[in-house]
$ cat upload-v3.txt   # compact mmCIF, C-alpha atoms
# COMPACT_ATOMS: atom_id res chain seq x y z
CA ALA A 1 50.73 2.43 -17.81
CA GLY A 2 51.54 -0.90 -16.17
CA ASP A 3 50.39 0.25 -12.72
CA SER A 4 47.03 1.47 -14.03
CA ASN A 5 46.48 -1.79 -15.92
CA ARG A 6 47.35 -3.78 -12.79
CA GLN A 7 44.92 -1.67 -10.76
CA PHE A 8 42.22 -2.24 -13.40
CA VAL A 9 42.81 -5.99 -13.42
CA ASP A 10 42.78 -6.09 -9.60
CA ASP A 11 39.49 -4.15 -9.50
CA ILE A 12 37.92 -6.45 -12.09
CA LEU A 13 39.09 -9.57 -10.27
CA GLN A 14 37.81 -8.28 -6.91
CA TRP A 15 34.46 -7.40 -8.46
CA THR A 16 34.25 -10.78 -10.28
CA PHE A 17 34.99 -12.79 -7.15
CA GLN A 18 32.70 -10.54 -5.09
CA GLU A 19 35.39 -9.01 -2.95
CA LYS A 20 34.18 -5.45 -3.62
CA ALA A 21 31.01 -3.63 -4.71
CA VAL A 22 28.78 -6.34 -3.22
CA LEU A 23 25.44 -5.29 -1.78
CA ARG A 24 23.29 -7.35 0.57
CA SER A 25 20.20 -6.92 2.63
CA THR A 26 20.78 -7.78 6.27
CA GLY A 27 17.08 -7.59 7.12
CA HIS A 28 13.71 -6.12 6.31
CA ARG A 29 10.64 -5.38 8.43
CA HIS A 30 7.14 -3.99 8.09
CA TRP A 31 4.43 -3.23 10.63
CA LEU A 32 1.31 -1.15 11.21
CA ALA A 33 2.17 2.50 11.76
CA SER A 34 -0.62 3.01 14.29
CA THR A 35 0.09 0.11 16.66
CA GLY A 36 3.58 -1.10 15.82
CA ALA A 37 2.26 -4.66 15.54
CA ARG A 38 2.95 -6.97 12.60
CA PRO A 39 -0.35 -8.71 11.79
CA ASP A 40 -0.86 -11.79 9.65
CA HIS A 41 -2.60 -9.60 7.07
CA TYR A 42 -3.27 -5.93 6.49
CA ARG A 43 -6.49 -4.12 5.56
CA ILE A 44 -6.93 -1.84 2.55
CA ASN A 45 -5.71 1.73 3.14
CA ASN A 46 -3.69 0.77 6.24
CA ASP A 47 -0.66 2.92 6.99
CA ILE A 48 2.44 0.78 7.40
CA VAL A 49 6.12 1.35 8.01
CA TYR A 50 8.61 -0.59 5.86
CA GLU A 51 12.34 -0.78 6.57
CA VAL A 52 15.23 -2.53 4.83
CA ASP A 53 18.89 -2.72 5.92
CA LEU A 54 21.57 -2.52 3.22
CA ALA A 55 25.32 -3.14 3.50
CA GLU A 56 28.19 -2.95 1.01
CA TYR A 57 31.32 -5.10 1.08
CA HIS A 58 34.59 -3.38 0.31
CA ASP A 59 38.07 -3.20 1.90
CA ASP A 60 37.53 -6.68 3.42
CA ALA A 61 34.61 -5.55 5.62
CA TRP A 62 30.89 -4.76 5.49
CA HIS A 63 30.00 -1.07 5.62
CA ALA A 64 26.76 0.89 5.60
CA TYR A 65 25.58 1.52 2.04
CA VAL A 66 24.62 5.14 1.44
CA ALA A 67 22.22 6.00 -1.40
CA ASP A 68 19.20 8.19 -2.03
CA ASP A 69 17.43 6.05 -4.65
CA VAL A 70 16.31 2.89 -2.80
CA GLN A 71 12.71 2.18 -3.82
CA PHE A 72 9.90 0.14 -2.29
CA GLU A 73 7.21 -1.49 -4.46
CA ALA A 74 3.88 -3.08 -3.56
CA VAL A 75 3.23 -5.40 -6.51
CA MET A 76 0.20 -7.46 -7.52
CA LEU A 77 0.99 -8.29 -11.17
CA ASP A 78 1.73 -4.56 -11.64
CA PRO A 79 3.25 -2.17 -9.12
CA TYR A 80 0.46 -0.39 -7.25
CA ILE A 81 2.87 1.63 -5.13
CA ARG A 82 6.43 2.66 -5.90
CA THR A 83 8.06 5.06 -3.48
CA THR A 84 11.57 6.08 -2.51
CA LEU A 85 12.72 5.05 0.95
CA ASN A 86 14.60 7.54 3.13
CA ARG A 87 17.66 6.72 5.18
CA SER A 88 16.69 6.43 8.82
CA ARG A 89 18.24 5.14 12.01
CA ALA A 90 20.85 2.42 11.71
CA VAL A 91 20.18 -0.91 13.41
CA ALA A 92 23.83 -1.93 13.17
CA PRO A 93 26.95 0.09 12.29
CA GLU A 94 27.75 -2.17 9.34
CA SER A 95 24.43 -1.51 7.57
CA ALA A 96 22.23 1.45 6.68
CA THR A 97 18.49 1.39 7.31
CA TYR A 98 16.09 2.78 4.71
CA GLY A 99 12.45 3.19 5.57
CA GLY A 100 9.22 4.93 4.84
CA ARG A 101 5.62 5.28 5.88
CA ILE A 102 3.38 3.83 3.17
CA ARG A 103 -0.40 3.85 2.70
CA LEU A 104 -1.52 0.52 1.26
CA PRO A 105 -3.66 0.58 -1.91
CA ASP A 106 -7.46 0.56 -1.95
CA ARG A 107 -7.31 -2.90 -3.49
CA TYR A 108 -7.32 -6.24 -1.74
CA GLY A 109 -5.39 -9.35 -2.72
CA THR A 110 -1.98 -10.93 -2.32
CA PHE A 111 0.75 -8.32 -2.70
CA THR A 112 4.51 -8.64 -2.82
CA PHE A 113 6.44 -6.03 -0.88
CA ARG A 114 9.66 -5.69 -2.84
CA VAL A 115 12.92 -3.77 -2.88
CA ASN A 116 14.62 -4.48 -6.21
CA TYR A 117 17.82 -2.44 -6.24
CA LYS A 118 20.02 -2.67 -9.34
CA ARG A 119 22.92 -0.31 -10.05
CA LEU A 120 25.85 -0.54 -12.45
CA GLY A 121 29.02 -1.77 -10.80
CA LEU A 122 27.19 -3.16 -7.77
CA SER A 123 25.56 -6.50 -7.16
CA ASN A 124 21.77 -6.65 -7.21
CA VAL A 125 19.55 -6.74 -4.13
CA ASP A 126 16.08 -8.24 -4.45
CA VAL A 127 14.11 -8.45 -1.19
CA LYS A 128 10.57 -9.86 -1.35
CA ASP A 129 7.85 -10.50 1.18
CA THR A 130 4.36 -11.76 0.27
CA VAL A 131 1.54 -10.17 2.26
CA GLY A 132 -2.23 -10.49 2.18
CA ILE A 133 -4.32 -7.30 2.06
CA TRP A 134 -7.93 -7.91 3.03
CA PRO A 135 -11.02 -5.78 2.41
CA LEU A 136 -12.77 -4.01 5.26
CA ARG A 137 -15.28 -5.98 7.30
CA HIS A 138 -18.94 -5.04 6.91
CA ASP A 139 -18.85 -3.01 10.14
CA GLU A 140 -15.66 -1.08 9.28
CA TYR A 141 -17.12 1.00 6.45
CA PRO A 142 -18.27 4.56 7.19
CA ARG A 143 -21.95 4.83 8.10
CA PHE A 144 -22.89 7.67 5.72
CA LEU A 145 -20.90 8.69 2.68
CA VAL A 146 -20.66 12.38 1.81
CA ALA A 147 -20.69 11.59 -1.90
CA ALA A 148 -24.05 9.82 -1.51
CA TYR A 149 -25.96 12.78 0.03
CA PRO A 150 -27.83 13.51 -3.25
CA TYR A 151 -29.07 9.89 -3.30
CA TYR A 152 -30.12 10.10 0.35
CA ALA A 153 -32.02 13.33 -0.43
CA GLY A 154 -33.67 11.72 -3.49
CA ALA A 155 -34.87 8.76 -1.42
CA LEU A 156 -36.21 11.09 1.28
CA VAL A 157 -38.10 13.20 -1.29
CA MET A 158 -39.65 10.03 -2.77
CA VAL A 159 -40.84 8.87 0.67
CA VAL A 160 -42.31 12.29 1.51
CA GLY A 161 -44.01 12.49 -1.90
CA PHE A 162 -45.49 9.02 -1.51
CA LEU A 163 -46.84 9.85 1.96
CA ALA A 164 -48.33 13.12 0.69
CA LEU A 165 -50.03 11.31 -2.19
CA CYS A 166 -51.43 8.67 0.18
CA MET A 167 -52.75 11.33 2.57
CA ALA A 168 -54.35 13.27 -0.27
CA TRP A 169 -56.04 10.14 -1.60
CA LEU A 170 -57.24 8.89 1.80
CA TRP A 171 -58.65 12.20 3.05
CA SER A 172 -60.04 13.55 -0.17
CA ALA A 173 -63.73 14.46 0.14
CA ASP A 174 -65.76 11.99 -1.84
CA GLU A 175 -69.48 12.57 -2.33
CA PRO A 176 -71.74 9.90 -0.83
CA SER A 177 -73.51 7.70 -3.39
CA SER A 178 -77.06 8.85 -2.37
CA ALA A 179 -76.12 12.47 -3.12
CA ARG A 180 -75.00 11.45 -6.58
CA LYS A 181 -78.32 9.70 -7.31
CA ALA A 182 -80.31 12.76 -6.25
CA LYS A 183 -78.36 14.97 -8.64
CA THR A 184 -79.03 12.77 -11.61
CA ASP A 185 -82.82 12.69 -11.02
$ encode --input "upload-v3.txt" --output "structure tokens"
Amino acid sequence: AGDSNRQFVDDILQWTFQEKAVLRSTGHRHWLASTGARPDHYRINNDIVYEVDLAEYHDDAWHAYVADDVQFEAVMLDPYIRTTLNRSRAVAPESATYGGRIRLPDRYGTFTFRVNYKRLGLSNVDVKDTVGIWPLRHDEYPRFLVAAYPYYAGALVMVVGFLALCMAWLWSADEPSSARKAKTD
């Protein structure tokens, strides 16, 4: 019983003084999926790639942290996107890289890209990056919207009807005024 108590006390002391079960982020990156460039701001509905590197300290060294529940959030007051990141290529042998391809929301504003990882028995990791998402410029919207075809057809019918009414009024046969006088006499 004494050995198990000693082991328990040693584990608690190592955890308390952060000598084991310590997580850290060694880096995080995001960029446009189409070009690979990292702009000053993104546009709504852009596809981006987000990666974060996580490492765990135990046995007096940093090791790659392996998990399947690391989540990314795009937050503007409330989370607009929350998705699980997959383990991908490792940048360094002492850390594991988690990443994912994410489509930004159809909402512009200042967003916080965040990985807030909290698990029992491990230290917390909270990685934040503030990013601006801008609306599309006036020339980046689609020219004709499929959902608006009924409105386009309604406007076209109104124009054709107006032209038909004008033609009927302009070319209608009107009796000359002298012919009307002769009829009344």
$ residues_around --input "upload-v3.txt" --residues "A:Gly27" --least-positions-apart "3" --cutoff "12 Å" --atoms "only C-alpha atoms" --output "MDAnalysis selection string"
chainID A and resid 24 30 50:55 90:92 95:99 115 125:129
$ atom_distance --input "upload-v3.txt" --atom1 "atom CA of A:Asn116" --atom2 "atom CA of A:Pro135"
27.1 Å
$ residues_around --input "upload-v3.txt" --residues "stretch 33-37 of chain A" --least-positions-apart "6" --cutoff "7 Å" --atoms "all atoms listed in the file" --output "PDB file with C-alpha atoms, in the coordinates of the input"
ATOM      1  CA  ASP A  47      -0.660   2.920   6.990  1.00  0.00           C
ATOM      2  CA  ILE A  48       2.440   0.780   7.400  1.00  0.00           C
ATOM      3  CA  VAL A  49       6.120   1.350   8.010  1.00  0.00           C
TER       4      VAL A  49
END
$ residues_around --input "upload-v3.txt" --residues "stretch 74-82 of chain A" --least-positions-apart "3" --cutoff "7 Å" --atoms "all atoms listed in the file" --output "PyMOL selection string"
chain A and resi 71+105+110-114
$ atom_distance --input "upload-v3.txt" --atom1 "atom CA of A:His28" --atom2 "atom CA of A:Thr83"
15.9 Å
$ closest_residue --input "upload-v3.txt" --among "A:Leu23, A:Leu32, A:Val66, A:Ala147" --to "A:Tyr117" --atoms "all atoms listed in the file"
A:Leu23
$ atom_distance --input "upload-v3.txt" --atom1 "atom CA of A:Gly121" --atom2 "atom CA of A:Val22"
8.9 Å
$ closest_atom_pairs --input "upload-v3.txt" --of "stretch 31-146 of chain A" --to "stretch 11-21 of chain A" --cutoff "9 Å" --atoms "all atoms listed in the file" --output "JSON lines"
{"residue": "A:Glu56", "atom": "CA", "partner": "A:Ala21", "partner_atom": "CA", "distance": 6.4}
{"residue": "A:Tyr57", "atom": "CA", "partner": "A:Lys20", "partner_atom": "CA", "distance": 5.5}
{"residue": "A:His58", "atom": "CA", "partner": "A:Lys20", "partner_atom": "CA", "distance": 4.5}
{"residue": "A:Asp59", "atom": "CA", "partner": "A:Lys20", "partner_atom": "CA", "distance": 7.1}
{"residue": "A:Asp60", "atom": "CA", "partner": "A:Glu19", "partner_atom": "CA", "distance": 7.1}
{"residue": "A:Gly121", "atom": "CA", "partner": "A:Ala21", "partner_atom": "CA", "distance": 6.7}
{"residue": "A:Leu122", "atom": "CA", "partner": "A:Ala21", "partner_atom": "CA", "distance": 4.9}
{"residue": "A:Ser123", "atom": "CA", "partner": "A:Ala21", "partner_atom": "CA", "distance": 6.6}
$ write_last_selection --input "upload-v3.txt" --atoms "C-alpha atoms" --output "compact mmCIF listing (two decimals), keeping the file's coordinate frame"
# COMPACT_ATOMS: atom_id res chain seq x y z
CA GLU A 56 28.19 -2.95 1.01
CA TYR A 57 31.32 -5.10 1.08
CA HIS A 58 34.59 -3.38 0.31
CA ASP A 59 38.07 -3.20 1.90
CA ASP A 60 37.53 -6.68 3.42
CA GLY A 121 29.02 -1.77 -10.80
CA LEU A 122 27.19 -3.16 -7.77
CA SER A 123 25.56 -6.50 -7.16
$ closest_residue --input "upload-v3.txt" --among "A:His138, A:Arg43, A:Lys118, A:Arg6" --to "A:Leu104" --atoms "all atoms listed in the file"
A:Arg43
$ axis_aligned_box --input "upload-v3.txt" --around "stretch 111-119 of chain A" --padding-each-side "6 Å" --output "AutoDock Vina command-line options"
--center_x 11.8 --center_y -4.5 --center_z -5.5 --size_x 34.2 --size_y 20.3 --size_z 21.2
$ closest_residue --input "upload-v3.txt" --among "A:Arg103, A:Thr84, A:Gly109, A:Ala168" --to "A:Thr130" --atoms "all atoms listed in the file"
A:Gly109
